[in-house]
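*Asks:* Just dropping this structure here.
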Amino acid sequence: MLSAESAAVVRATLPAVAGALDEITTRFYGAMFRDRPELLDGMFNRGNQASGAQRRALAGSIAGFASALLEDPDSRPDLLLGRIAHKHAAVGVTDDQYTIVHKYLFGAIAEVLGDAVTPEVAAAWDEVYWLMAGALIGREARLYQDAGVEPGRIWRQWTVVERRTETPDTVSFVLRPADGRRAPRARAGQYASVRVCMADGVHQVRQYSLSSDPGRDLRRITVKRVAGAGGAPDGEVSNRLHEQVREGHELTLSAPFGDVFLDDPAGATDPLVLVSAGIGCTPMTGILAHLEAIGSTRPVLVLHADRSPADHALRTEMRDLVEQLPGARAEFWYEHPGPEEPGAREGLMDLNGVGLPDGATVFLCGPLPFMRDVRGQLLSAGVPARRIRYEVFGPDLWLPGSAA
């Protein structure tokens, strides 16, 4: 609960703090990594640091949490906190790191805002920070407990038992626990972190959706090679996996996490709509494989958009799974159609005339511009916002306005 005194101060200073958050977070990360460079080893994504995506995501989460507290001092914005907690658990964040972040974040606030940070202002924003941190610490503790791991000790070795080329820029790795023990529990739609040692000796972590039925001991991740655009560098981890990892090699994976998953009983009958673009098909394929494994008969509508059938990773598998599910049908859109999918639609995804089922839960994954567009189409078609669940690869730059 945010105290009335602090709420008044935060309300008065939120515009100034929010307007300075980009500079604050820039200084925060710069100072923290200067003094604590070990945090860059396996904790923070260097690509997102270079692009500013991580900085913008942190700024958005702080402003979003503060705004939610002002609307309802007793509130805990579940979507925001749940998503952050899963991302934190997937890289092994521990309680003590919140104290480190607090030190450098509030140092940056004092540097940027100067004399405006009176003792009253500092105390009010300190309260906001620790309310957010405390809520996240509690959620992350429960996630670690549910995953059967000690806080921060999330890593396990997996052996690559098969490498398969899906498209010219996408490969799948089928994995088995290297220690011979059972695979950890996972839910359809979740992801695992992959921890890779780069050429300079620094570990980098990326999340990849489980693209096969998570109920089996074999797990699969499907990795698209990330090519730099607009002067940005190529993806470090995806390129290293493509170039160096072969059958028989070992990968370091975290326990599965992710707040967007299918967790309904086998007898569920409410409809599902699985909407994806590009490599966003990976969690949808995992959900389809799980539905097929449990013999589901619920209605499922699969909608996917891509550049062409040749670029559509897991296309044949998605089609096969849809055919095996008695209540499923699929529609594909391609900017450049090909003979492999004679019934596909041309162009970008357009939901007019698709026939969305009433009462459906929608799972959405793909590039942010695609998800914004399709989410707007879903809302216009009468799908309630609460029934649209989305997954973002990388920092979530959508959260503060996602409930609109």
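By order in the structure tokens, chains are A, B, ...; within a chain, residues start at 1; ligands start at 1, following the order shown.
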Might you pull out every residue within 8 Å of Asn45 in chain A, with only C-alpha atoms counted and same-chain residues fewer than 3 positions away left off, and present them as a PyMOL selection string?
*Replies:* chain A and resi 40+42+48-49+204-206
*Asks:* Those residues with N, CA and C atoms, as a PDB file, in the first residue's frame please?
*Replies:*
```pdb
ATOM      1  N   LEU A  40      27.033  -7.960 -16.334  1.00  0.00           N
ATOM      2  CA  LEU A  40      26.895  -8.142 -17.779  1.00  0.00           C
ATOM      3  C   LEU A  40      27.166  -9.583 -18.196  1.00  0.00           C
ATOM      4  N   GLY A  42      26.061 -12.889 -18.281  1.00  0.00           N
ATOM      5  CA  GLY A  42      24.977 -13.835 -18.103  1.00  0.00           C
ATOM      6  C   GLY A  42      23.727 -13.262 -17.484  1.00  0.00           C
ATOM      7  N   ASN A  48      20.408  -5.511 -26.257  1.00  0.00           N
ATOM      8  CA  ASN A  48      19.350  -4.628 -25.784  1.00  0.00           C
ATOM      9  C   ASN A  48      19.913  -3.400 -25.080  1.00  0.00           C
ATOM     10  N   GLN A  49      21.088  -3.554 -24.469  1.00  0.00           N
ATOM     11  CA  GLN A  49      21.736  -2.385 -23.876  1.00  0.00           C
ATOM     12  C   GLN A  49      22.173  -1.418 -24.969  1.00  0.00           C
ATOM     13  N   GLN A 204      26.171 -14.694 -22.464  1.00  0.00           N
ATOM     14  CA  GLN A 204      24.959 -13.980 -22.845  1.00  0.00           C
ATOM     15  C   GLN A 204      23.780 -14.941 -22.786  1.00  0.00           C
ATOM     16  N   VAL A 205      22.614 -14.390 -22.449  1.00  0.00           N
ATOM     17  CA  VAL A 205      21.414 -15.189 -22.245  1.00  0.00           C
ATOM     18  C   VAL A 205      20.322 -14.704 -23.187  1.00  0.00           C
ATOM     19  N   ARG A 206      19.639 -15.643 -23.825  1.00  0.00           N
ATOM     20  CA  ARG A 206      18.464 -15.320 -24.635  1.00  0.00           C
ATOM     21  C   ARG A 206      17.363 -16.330 -24.305  1.00  0.00           C
TER      22      ARG A 206
END
```
*Asks:* Apply DSSP to the structure's backbone, then extract all residues of range 283-398 of chain A labelled strand (DSSP E or B) and return them as a PyMOL selection string.
*Replies:* chain A and resi 300-306+328-334+345-346+361-365+388-391
*Asks:* Would you list the contacts of range 174-182 of chain A as a PyMOL selection string, taking every protein, DNA or RNA residue within 6 Å and counting only C-alpha atoms, but skipping same-chain residues closer than 3 positions in sequence?
*Replies:* chain A and resi 157-162+218-220
*Asks:* Would you kindly return, as a list in words, each protein, DNA or RNA residue with an atom no farther than 12 Å from any atom of Gly376 in chain A, considering only C-alpha atoms and excluding same-chain residues fewer than 3 positions away?
*Replies:*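 With the cut-off at 12 Å, the set is Asp350, Leu351, Leu364, Pro369, Phe370, Met371, Arg372, Asp373, Leu379, Ser380, Ala381, Gly382, Val383, Pro384, Ala385, Ile388, Ser402, Ala403 and Ala404 of chain A.
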*Asks:* Output C-alpha atoms of each residue in that selection to a file, as a compact mmCIF listing (two decimals), in the first residue's frame.
*Replies:*
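Writing the result to part.txt gives the following:
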```txt
# COMPACT_ATOMS: atom_id res chain seq x y z
CA ASP A 350 -6.50 -9.16 -42.17
CA LEU A 351 -9.10 -10.67 -39.84
CA LEU A 364 -0.59 -13.61 -29.81
CA PRO A 369 4.14 -3.76 -34.93
CA PHE A 370 2.32 -6.92 -36.01
CA MET A 371 0.92 -7.53 -32.53
CA ARG A 372 -0.25 -3.93 -32.14
CA ASP A 373 -2.06 -4.10 -35.48
CA LEU A 379 -10.57 -5.51 -30.18
CA SER A 380 -12.54 -4.06 -33.10
CA ALA A 381 -13.99 -7.52 -33.71
CA GLY A 382 -15.31 -7.58 -30.15
CA VAL A 383 -12.66 -9.74 -28.44
CA PRO A 384 -12.28 -8.46 -24.84
CA ALA A 385 -8.79 -7.22 -23.97
CA ILE A 388 -5.88 -11.53 -25.45
CA SER A 402 -1.13 -2.66 -23.37
CA ALA A 403 -4.35 -2.56 -21.42
CA ALA A 404 -5.80 0.27 -23.49
```
*Asks:* Quick one: residues within 10 Å of Arg139 in chain A, only C-alpha atoms counted, chain neighbours fewer than 4 positions away excluded, as a JSON list (two decimals) with N, CA and C atoms, in the first residue's frame?
*Replies:*
```
[["chain", "number", "residue", "atom", "x", "y", "z"],
["A", 81, "LEU", "N", 3.75, -6.99, -13.23],
["A", 81, "LEU", "CA", 4.61, -7.69, -12.28],
["A", 81, "LEU", "C", 4.84, -9.14, -12.69],
["A", 82, "GLY", "N", 3.80, -9.80, -13.19],
["A", 82, "GLY", "CA", 3.96, -11.20, -13.58],
["A", 82, "GLY", "C", 4.95, -11.37, -14.70],
["A", 84, "ILE", "N", 7.43, -9.29, -15.60],
["A", 84, "ILE", "CA", 8.79, -8.98, -15.16],
["A", 84, "ILE", "C", 9.34, -10.11, -14.30],
["A", 85, "ALA", "N", 8.52, -10.65, -13.41],
["A", 85, "ALA", "CA", 8.98, -11.72, -12.52],
["A", 85, "ALA", "C", 9.44, -12.94, -13.31],
["A", 86, "HIS", "N", 8.69, -13.32, -14.33],
["A", 86, "HIS", "CA", 9.10, -14.47, -15.15],
["A", 86, "HIS", "C", 10.40, -14.19, -15.89],
["A", 89, "ALA", "N", 13.19, -14.38, -13.28],
["A", 89, "ALA", "CA", 13.50, -15.76, -12.88],
["A", 89, "ALA", "C", 14.25, -16.50, -13.98],
["A", 133, "ALA", "N", 9.73, -3.74, -5.79],
["A", 133, "ALA", "CA", 10.74, -4.77, -5.57],
["A", 133, "ALA", "C", 10.21, -5.88, -4.68],
["A", 134, "GLY", "N", 9.50, -5.49, -3.60],
["A", 134, "GLY", "CA", 8.97, -6.50, -2.69],
["A", 134, "GLY", "C", 7.98, -7.42, -3.37],
["A", 135, "ALA", "N", 7.11, -6.84, -4.21],
["A", 135, "ALA", "CA", 6.15, -7.66, -4.94],
["A", 135, "ALA", "C", 6.85, -8.62, -5.89],
["A", 143, "LEU", "N", 7.98, -18.54, -8.08],
["A", 143, "LEU", "CA", 8.35, -19.15, -9.36],
["A", 143, "LEU", "C", 9.50, -20.14, -9.19],
["A", 144, "TYR", "N", 10.50, -19.77, -8.41],
["A", 144, "TYR", "CA", 11.62, -20.69, -8.16],
["A", 144, "TYR", "C", 11.13, -21.94, -7.45],
["A", 145, "GLN", "N", 10.25, -21.75, -6.48],
["A", 145, "GLN", "CA", 9.72, -22.90, -5.74],
["A", 145, "GLN", "C", 8.93, -23.82, -6.66]]
```
*Asks:* Can you tell me how far CA of Arg387 in chain A sits from CA of Arg315 in chain A, in Å to one decimal?
*Replies:*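 Distance reported for this atom pair: 25.9 Å.
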*Asks:* So how far away is CA of Tyr334 in chain A from CA of Asp311 in chain A, in Å?
*Replies:*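 Calculated distance between CA of Asp311 in chain A and CA of Tyr334 in chain A is 9.4 Å.
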*Asks:* Looking only at alpha helix (DSSP H) from DSSP on the backbone, list the matching residues of range 144-232 of chain A as a PyMOL selection string.
*Replies:* chain A and resi 144-147
